[in-house]
>>> print(open('work-v6.cif').read())   # mmCIF, C-alpha atoms
data_coords
#
loop_
_atom_site.label_atom_id
_atom_site.label_comp_id
_atom_site.auth_asym_id
_atom_site.auth_seq_id
_atom_site.Cartn_x
_atom_site.Cartn_y
_atom_site.Cartn_z
CA MET K 1 214.15 121.12 57.43
CA ALA K 2 215.39 118.96 54.57
CA ILE K 3 212.22 116.93 54.74
CA PHE K 4 210.28 119.93 53.39
CA ARG K 5 212.62 120.70 50.49
CA ILE K 6 210.75 120.17 47.22
CA LYS K 7 212.49 117.64 45.00
CA ARG K 8 211.72 115.97 41.70
CA VAL K 9 210.22 113.02 43.53
CA ASP K 10 207.71 115.40 45.18
CA TRP K 11 206.53 116.46 41.74
CA LEU K 12 206.09 112.81 40.75
CA ILE K 13 204.01 111.99 43.83
CA GLY K 14 202.14 115.29 43.80
CA ILE K 15 201.11 115.14 40.14
CA THR K 16 200.05 111.50 40.46
CA VAL K 17 197.91 112.20 43.53
CA LEU K 18 196.52 115.43 42.04
CA THR K 19 195.46 113.73 38.81
CA SER K 20 193.62 110.98 40.68
CA LEU K 21 192.08 113.48 43.10
CA LEU K 22 190.73 115.76 40.35
CA THR K 23 189.29 112.81 38.43
CA VAL K 24 187.47 111.40 41.45
CA TRP K 25 186.36 114.88 42.55
CA LEU K 26 184.73 115.70 39.22
CA VAL K 27 183.06 112.28 39.02
CA LEU K 28 181.57 112.54 42.53
CA ALA K 29 180.38 116.12 42.07
CA GLY K 30 179.02 115.29 38.61
CA LEU K 31 177.02 112.32 39.86
CA ASP K 32 175.64 114.40 42.72
CA ALA K 33 174.59 117.13 40.27
CA VAL K 34 172.88 114.60 37.97
CA PHE K 35 170.90 113.11 40.88
CA GLN K 36 169.83 116.62 41.95
CA LEU K 37 168.72 117.44 38.40
CA LEU K 38 166.56 114.33 38.36
CA ARG K 39 164.94 115.46 41.62
CA GLN K 40 164.35 118.94 40.24
CA LEU K 41 162.61 117.55 37.16
CA GLY K 42 159.77 116.56 39.49
CA ASN K 43 159.08 120.26 40.17
CA ILE K 44 158.62 121.18 36.52
CA GLY K 45 155.16 122.60 35.94
CA LYS K 46 154.67 123.73 39.55
CA ASN K 47 154.07 127.48 39.81
CA GLY K 48 155.73 128.13 36.46
CA TYR K 49 158.86 126.09 37.21
CA THR K 50 160.51 125.14 33.91
CA LEU K 51 163.33 122.90 32.69
CA SER K 52 165.61 125.92 32.40
CA ASN K 53 164.89 126.75 36.06
CA ALA K 54 165.87 123.20 37.04
CA ILE K 55 169.12 123.45 35.09
CA VAL K 56 169.95 126.85 36.60
CA TYR K 57 169.18 125.46 40.08
CA VAL K 58 171.72 122.67 39.61
CA LEU K 59 174.35 124.93 38.02
CA VAL K 60 174.35 127.49 40.85
CA THR K 61 174.73 124.72 43.45
CA ILE K 62 177.74 123.10 41.75
CA PRO K 63 180.26 125.15 43.84
CA ARG K 64 178.70 123.81 47.02
CA ARG K 65 178.72 120.25 45.65
CA LEU K 66 182.41 120.61 44.78
CA TYR K 67 183.09 121.85 48.32
CA GLU K 68 181.21 118.95 49.94
CA MET K 69 182.68 116.23 47.73
CA PHE K 70 186.27 117.41 47.98
CA ILE K 71 186.97 115.76 51.31
CA PHE K 72 185.75 112.38 50.03
CA ALA K 73 187.69 112.84 46.79
CA THR K 74 190.92 113.45 48.70
CA ALA K 75 190.71 110.10 50.51
CA ILE K 76 189.72 108.11 47.43
CA GLY K 77 191.99 110.03 45.03
CA GLY K 78 194.97 109.82 47.37
CA LEU K 79 194.63 106.06 47.62
CA LEU K 80 194.17 105.70 43.87
CA GLY K 81 197.29 107.79 43.19
CA LEU K 82 199.67 106.22 45.69
CA GLY K 83 198.04 102.84 45.28
CA GLY K 84 198.87 102.97 41.59
CA LEU K 85 202.50 103.81 42.38
CA ALA K 86 202.59 100.96 44.89
CA ALA K 87 201.12 98.46 42.44
CA SER K 88 203.66 99.40 39.77
CA GLY K 89 206.56 99.07 42.21
CA GLU K 90 207.46 102.77 42.09
CA LEU K 91 206.78 103.27 45.80
CA THR K 92 209.14 100.41 46.57
CA ALA K 93 211.78 102.02 44.38
CA LEU K 94 211.34 105.33 46.19
CA ARG K 95 211.71 103.57 49.52
CA THR K 96 214.97 101.96 48.42
CA THR K 97 216.42 105.41 47.65
CA GLY K 98 216.06 106.28 51.33
CA LEU K 99 212.71 108.09 51.34
CA SER K 100 210.74 107.39 54.50
CA LYS K 101 207.02 106.66 54.50
CA LEU K 102 206.42 109.96 56.27
CA ARG K 103 208.39 111.84 53.59
CA ILE K 104 206.29 110.28 50.83
CA ALA K 105 203.09 111.03 52.75
CA VAL K 106 204.12 114.67 53.19
CA SER K 107 204.53 115.00 49.41
CA ALA K 108 200.97 113.73 48.89
CA VAL K 109 199.49 115.86 51.66
CA GLY K 110 201.33 118.95 50.41
CA VAL K 111 199.60 119.01 47.02
CA VAL K 112 196.24 118.41 48.71
CA ALA K 113 196.89 121.35 51.04
CA VAL K 114 197.41 123.68 48.08
CA VAL K 115 194.11 122.63 46.48
CA THR K 116 192.35 122.88 49.86
CA VAL K 117 193.10 126.62 50.00
CA GLY K 118 191.21 127.14 46.75
CA VAL K 119 188.34 124.94 47.92
CA MET K 120 188.03 126.96 51.13
CA ILE K 121 187.78 130.18 49.10
CA LEU K 122 185.14 128.53 46.92
CA GLY K 123 183.21 127.44 50.01
CA GLU K 124 183.17 130.97 51.43
CA THR K 125 182.25 132.84 48.22
CA ALA K 126 180.62 131.12 45.25
CA ALA K 127 179.07 128.23 47.21
CA PRO K 128 176.98 130.34 49.66
CA TRP K 129 175.94 132.71 46.86
CA GLY K 130 174.80 129.82 44.69
CA ASP K 131 172.84 128.23 47.53
CA GLN K 132 171.07 131.54 48.22
CA GLN K 133 169.97 131.71 44.57
CA ALA K 134 168.84 128.08 44.61
CA GLN K 135 166.90 128.46 47.86
CA ALA K 136 165.18 131.58 46.52
CA MET K 137 164.01 129.56 43.52
CA ASP K 138 162.87 126.73 45.77
CA LEU K 139 161.06 129.21 48.01
CA ARG K 140 159.04 130.58 45.10
CA VAL K 141 158.04 127.09 43.98
CA ARG K 142 156.96 125.94 47.45
CA SER K 143 155.04 129.12 48.32
CA SER K 144 153.35 129.74 44.94
CA GLY K 145 155.29 132.97 44.62
CA ALA K 146 153.95 134.44 47.89
CA LEU K 147 157.44 134.38 49.43
CA GLY K 148 160.72 135.70 48.15
CA GLU K 149 164.28 136.47 49.25
CA THR K 150 166.02 139.72 48.29
CA SER K 151 169.07 141.62 49.52
CA SER K 152 166.74 143.36 52.01
CA GLY K 153 165.65 140.08 53.58
CA LEU K 154 162.58 137.88 53.38
CA TRP K 155 159.43 139.28 51.78
CA ALA K 156 155.97 137.71 51.94
CA ARG K 157 152.43 138.71 51.04
CA ASP K 158 149.48 137.81 53.24
CA GLY K 159 146.29 139.28 51.79
CA ASN K 160 146.51 143.05 52.05
CA ARG K 161 149.67 142.86 54.17
CA PHE K 162 153.31 142.77 53.11
CA ILE K 163 155.81 141.27 55.54
CA ASN K 164 159.54 141.94 55.56
CA ALA K 165 162.00 140.19 57.89
CA LYS K 166 165.62 141.30 57.75
CA SER K 167 166.81 137.84 58.77
CA SER K 168 165.41 134.39 59.51
CA LEU K 169 167.05 131.91 61.86
CA LEU K 170 166.70 128.29 62.91
CA ARG K 171 166.37 127.76 66.65
CA GLN K 172 166.19 124.66 68.82
CA VAL K 173 162.83 124.50 70.64
CA ASP K 174 162.09 121.35 72.68
CA GLY K 175 164.58 119.42 70.57
CA HIS K 176 163.12 120.54 67.24
CA ASP K 177 164.14 123.18 64.75
CA ALA K 178 161.87 126.24 64.69
CA VAL K 179 161.91 129.38 62.56
CA GLN K 180 162.41 132.79 64.13
CA LEU K 181 162.07 135.98 62.08
CA ALA K 182 164.10 138.96 63.26
CA ASP K 183 163.57 142.70 62.69
CA VAL K 184 160.07 142.18 61.27
CA ARG K 185 158.06 144.86 59.45
CA VAL K 186 154.42 144.45 58.46
CA PHE K 187 152.81 146.92 56.04
CA THR K 188 149.00 146.85 55.96
CA MET K 189 147.47 148.43 52.85
CA THR K 190 143.98 149.66 52.05
CA SER K 191 142.01 148.47 49.02
CA ASP K 192 143.21 151.50 47.05
CA GLY K 193 146.88 150.82 47.85
CA GLN K 194 147.39 153.29 50.71
CA LEU K 195 149.34 152.42 53.85
CA SER K 196 146.94 152.15 56.82
CA ARG K 197 149.11 150.46 59.45
CA PHE K 198 152.76 149.71 60.11
CA ASP K 199 153.96 147.17 62.67
CA TRP K 200 157.54 146.54 63.75
CA ALA K 201 158.63 143.67 65.99
CA LYS K 202 162.02 142.59 67.23
CA THR K 203 161.18 138.94 66.54
CA ALA K 204 158.31 136.79 65.31
CA GLU K 205 158.09 133.12 66.16
CA HIS K 206 155.52 130.40 65.52
CA ASN K 207 154.46 128.57 68.70
CA GLY K 208 152.82 125.66 66.89
CA LYS K 209 149.43 127.35 66.61
CA GLN K 210 150.08 130.94 65.60
CA TRP K 211 152.76 133.57 65.18
CA VAL K 212 153.75 135.68 68.17
CA PHE K 213 155.39 139.10 67.94
CA ASP K 214 157.91 140.18 70.57
CA GLN K 215 158.48 143.86 71.52
CA VAL K 216 155.98 145.32 69.09
CA ARG K 217 155.56 148.91 67.97
CA SER K 218 152.38 149.60 65.96
CA THR K 219 151.52 152.76 64.07
CA THR K 220 148.12 153.39 62.48
CA LEU K 221 147.38 156.10 59.93
CA ASP K 222 143.97 157.78 59.46
CA GLU K 223 142.52 161.18 58.67
CA HIS K 224 143.35 162.38 62.21
CA GLY K 225 147.07 161.55 61.89
CA THR K 226 149.24 158.75 63.22
CA HIS K 227 148.86 156.81 66.45
CA THR K 228 151.60 154.66 67.95
CA THR K 229 151.34 151.96 70.61
CA THR K 230 153.88 149.51 72.03
CA THR K 231 153.31 146.07 73.52
CA ARG K 232 155.62 143.41 74.86
CA ASN K 233 153.97 140.48 73.08
CA GLU K 234 151.25 140.30 70.51
CA GLN K 235 149.55 137.46 68.66
CA TRP K 236 149.93 137.77 64.91
CA ASP K 237 147.12 136.35 62.82
CA SER K 238 148.95 135.35 59.63
CA ARG K 239 148.68 132.55 57.10
CA LEU K 240 152.46 132.53 56.62
CA ASP K 241 153.29 128.80 56.72
CA PRO K 242 156.22 128.14 59.12
CA ASN K 243 156.83 124.69 57.62
CA VAL K 244 157.31 126.08 54.13
CA LEU K 245 159.51 128.80 55.57
CA GLN K 246 161.66 126.33 57.51
CA GLU K 247 162.14 124.01 54.53
CA SER K 248 163.14 126.94 52.35
CA LEU K 249 165.69 128.49 54.71
CA ILE K 250 169.31 128.06 53.73
CA GLN K 251 170.67 125.34 55.98
CA PRO K 252 173.48 126.42 58.33
CA GLN K 253 176.02 124.08 56.73
CA TYR K 254 175.57 125.99 53.45
CA LEU K 255 176.27 129.43 54.93
CA ALA K 256 179.58 131.26 54.83
CA MET K 257 181.52 131.50 58.09
CA ARG K 258 180.87 135.24 58.38
CA ASP K 259 177.10 134.63 58.19
CA LEU K 260 177.32 131.80 60.70
CA ARG K 261 179.29 134.03 63.07
CA ARG K 262 176.72 136.82 62.71
CA ASN K 263 173.83 134.47 63.53
CA MET K 264 175.75 133.05 66.47
CA ASN K 265 176.35 136.54 67.85
CA TYR K 266 172.68 137.41 67.47
CA LEU K 267 171.47 134.32 69.33
CA GLU K 268 174.13 134.62 72.05
CA GLY K 269 173.28 138.32 72.45
CA ASN K 270 169.72 137.29 73.23
CA GLY K 271 170.80 134.69 75.77
CA GLU K 272 170.09 131.73 73.45
CA SER K 273 172.23 128.82 72.39
CA PRO K 274 173.79 129.21 68.91
CA GLY K 275 172.97 125.52 68.35
CA VAL K 276 173.22 124.39 64.74
CA TYR K 277 175.07 127.55 63.72
CA ALA K 278 177.93 126.85 66.13
CA ILE K 279 178.19 123.26 64.92
CA ALA K 280 178.29 124.38 61.28
CA PHE K 281 180.78 127.18 62.04
CA TRP K 282 183.34 124.89 63.66
CA ALA K 283 182.85 122.27 60.96
CA ARG K 284 183.79 124.96 58.44
CA ALA K 285 186.70 126.27 60.51
CA LEU K 286 188.17 122.77 60.94
CA TYR K 287 187.52 121.70 57.34
CA PRO K 288 191.18 122.04 56.22
CA LEU K 289 192.40 120.06 59.23
CA ASN K 290 189.91 117.26 58.54
CA VAL K 291 190.94 117.10 54.88
CA LEU K 292 194.66 116.87 55.57
CA VAL K 293 194.33 114.41 58.44
CA LEU K 294 192.06 112.15 56.37
CA VAL K 295 194.60 112.09 53.52
CA LEU K 296 197.42 111.36 55.96
CA CYS K 297 195.46 108.45 57.41
CA ALA K 298 194.90 107.03 53.92
CA MET K 299 198.64 106.77 53.24
CA PRO K 300 199.34 103.61 55.33
CA PHE K 301 196.95 101.62 53.09
CA ALA K 302 199.07 102.54 50.06
CA PHE K 303 202.19 101.21 51.75
CA GLY K 304 200.54 98.03 52.92
CA ALA K 305 197.23 96.65 51.71
CA LEU K 306 197.34 98.30 48.28
CA ARG K 307 200.72 97.06 47.09
CA SER K 308 198.79 94.25 45.44
CA GLY K 309 195.32 94.38 43.96
CA GLY K 310 193.70 96.39 41.23
CA LEU K 311 191.76 99.61 40.86
CA GLY K 312 188.63 98.16 42.44
CA LYS K 313 190.41 97.33 45.67
CA ARG K 314 191.86 100.83 45.95
CA MET K 315 188.47 102.40 45.23
CA PHE K 316 186.85 100.22 47.89
CA MET K 317 189.43 101.10 50.53
CA GLY K 318 189.16 104.80 49.77
CA MET K 319 185.37 104.78 49.94
CA LEU K 320 185.48 102.76 53.16
CA LEU K 321 187.83 105.28 54.77
CA ALA K 322 185.82 108.31 53.61
CA ILE K 323 182.49 106.84 54.72
CA GLY K 324 184.00 105.79 58.06
CA TRP K 325 185.24 109.32 58.66
CA TYR K 326 181.80 110.76 57.73
CA PHE K 327 179.93 108.61 60.23
CA LEU K 328 182.54 109.20 62.93
CA GLN K 329 182.14 112.96 62.44
CA LYS K 330 178.35 112.77 62.58
CA ALA K 331 178.39 110.52 65.62
CA MET K 332 180.75 112.79 67.55
CA VAL K 333 178.69 115.90 66.76
CA SER K 334 175.43 114.17 67.75
CA PHE K 335 177.05 112.86 70.94
CA GLY K 336 178.25 116.36 71.75
CA THR K 337 174.80 117.86 71.17
CA VAL K 338 173.13 115.33 73.49
CA TYR K 339 175.71 115.59 76.30
CA GLY K 340 176.48 119.29 76.05
CA ILE K 341 180.00 119.01 74.67
CA PRO K 342 181.11 122.34 73.12
CA PRO K 343 180.77 122.29 69.29
CA LEU K 344 184.48 123.07 68.89
CA VAL K 345 185.48 120.00 70.88
CA ALA K 346 182.87 117.75 69.23
CA ASN K 347 184.07 118.74 65.75
CA LEU K 348 187.73 118.50 66.71
CA LEU K 349 187.63 115.02 68.26
CA PRO K 350 187.40 113.01 64.98
CA ALA K 351 190.40 114.88 63.53
CA LEU K 352 192.39 114.27 66.74
CA ILE K 353 191.55 110.56 66.69
CA LEU K 354 192.67 110.22 63.06
CA ALA K 355 195.78 112.31 63.69
CA LEU K 356 196.72 110.10 66.65
CA ALA K 357 196.25 106.97 64.53
CA ALA K 358 198.47 108.41 61.77
CA TRP K 359 201.12 109.53 64.27
CA LEU K 360 201.28 106.06 65.86
CA TYR K 361 201.67 104.43 62.45
CA PHE K 362 204.44 106.70 61.18
CA ARG K 363 206.21 106.61 64.54
CA ARG K 364 206.18 102.83 64.49
CA HIS K 365 207.45 102.71 60.90
CA ALA K 366 209.93 105.55 61.15
#
>>> encode(input="work-v6.cif", output="structure tokens")
Amino acid sequence: MAIFRIKRVDWLIGITVLTSLLTVWLVLAGLDAVFQLLRQLGNIGKNGYTLSNAIVYVLVTIPRRLYEMFIFATAIGGLLGLGGLAASGELTALRTTGLSKLRIAVSAVGVVAVVTVGVMILGETAAPWGDQQAQAMDLRVRSSGALGETSSGLWARDGNRFINAKSSLLRQVDGHDAVQLADVRVFTMTSDGQLSRFDWAKTAEHNGKQWVFDQVRSTTLDEHGTHTTTTRNEQWDSRLDPNVLQESLIQPQYLAMRDLRRNMNYLEGNGESPGVYAIAFWARALYPLNVLVLVLCAMPFAFGALRSGGLGKRMFMGMLLAIGWYFLQKAMVSFGTVYGIPPLVANLLPALILALAAWLYFRRHA
């Protein structure tokens, strides 16, 4: 257990790595925010969208940008920190005192693990909330104010009808994403503002030509009272644009794990595949493992290739490692989707491959 005892050398390594990590993290997230602001400037003037709206849009999405950029910052920042120690000869000095490469790597990974806990909390609280606010703003711009998101779900106006859907989901239909509205209520009003008809449906889905209600209960109101009918399926003549709705839905990778789990349970309860929600859920669940394994795999470069060379070389190696991990992750998930590999396994494979590579290196250089 002595390997885990915190010593003064751990503080040296940890502070060095943490300083580099925070610097790279803020730079990456800042650049991403600036690029997004430039994109939002193109919406100014559309449906009352102003510069202040664009700024607010970017500000509320900063937590999510910090969450997404953290994993890249750990690889680049870790290499910058330990690479700097290697270039100055301090790593060599630490090695001569009897510290193993694994012991030095554990010190670097330890400080990253502490920060990762805070990032996970950020990704489950402020980041989803901010994305919901941003998507609500985007929804109003795209739909000319005819659509809106509130705590009671999606609201839309279609002539003299008001539509409320408690939740909206993305489903895979013939290999493409499609929108499904759940727990749908349609209020039809008269010209003088009186309710004349109320429709409830378990789901509403667009089939490419029109909306279709499933398990419908309709109630009409007139001077003779109320009349209720039920049908299994019913065509719904609505101008609600499914493309606008799909583009404005919060993407699964931006949802909190509890929301992803709820959507997965709903789809599985209806005999459907959880699809993109399962992939996003396991990517979130395995996020800490991916972060720590990626940092551990970056350490061998500090002991070898980065003992000579300047800042540019360390930056290049860190970016190369981070980008390589990103494409490996995407490739594994896509491969799993095509060949029916469970999302847990598909998301876990890249981390296992990197962990095996790190284990072989440290075992060889023990």
>>> resolve_selection(input="work-v6.cif", expression="the PyMOL selection byres ((chain K and resi 187-194) around 6)", output="count of residues only")
8
>>> closest_residue(input="work-v6.cif", among="K:Asn207, K:Thr219, K:Gln251, K:Thr74", to="K:Gln235", atoms="all atoms listed in the file")
K:Asn207
>>> closest_atom_pairs(input="work-v6.cif", of="stretch 203-261 of chain K", to="stretch 48-65 of chain K", cutoff="12 Å", atoms="all atoms listed in the file", output="JSON lines")
{"residue": "K:Gln253", "atom": "CA", "partner": "K:Arg64", "partner_atom": "CA", "distance": 10.1}
{"residue": "K:Tyr254", "atom": "CA", "partner": "K:Arg64", "partner_atom": "CA", "distance": 7.5}
{"residue": "K:Leu255", "atom": "CA", "partner": "K:Arg64", "partner_atom": "CA", "distance": 10.0}
{"residue": "K:Ala256", "atom": "CA", "partner": "K:Arg64", "partner_atom": "CA", "distance": 10.8}
>>> write_last_selection(input="work-v6.cif", atoms="C-alpha atoms", output="PDB file, in the coordinates of the input")
ATOM      1  CA  GLN K 253     176.020 124.080  56.730  1.00  0.00           C
ATOM      2  CA  TYR K 254     175.570 125.990  53.450  1.00  0.00           C
ATOM      3  CA  LEU K 255     176.270 129.430  54.930  1.00  0.00           C
ATOM      4  CA  ALA K 256     179.580 131.260  54.830  1.00  0.00           C
TER       5      ALA K 256
END
>>> atom_distance(input="work-v6.cif", atom1="atom CA of K:His206", atom2="atom CA of K:Asp237")
10.6 Å
>>> residues_around(input="work-v6.cif", residues="stretch 28-39 of chain K", least_positions_apart="2", cutoff="6 Å", atoms="all atoms listed in the file", output="list in words")
Trp25, Leu26, Leu41, Gly42, Arg65 and Leu66 of chain K
>>> closest_residue(input="work-v6.cif", among="K:Lys166, K:Ile71, K:Asp199, K:Met257", to="K:Thr230", atoms="all atoms listed in the file")
K:Asp199
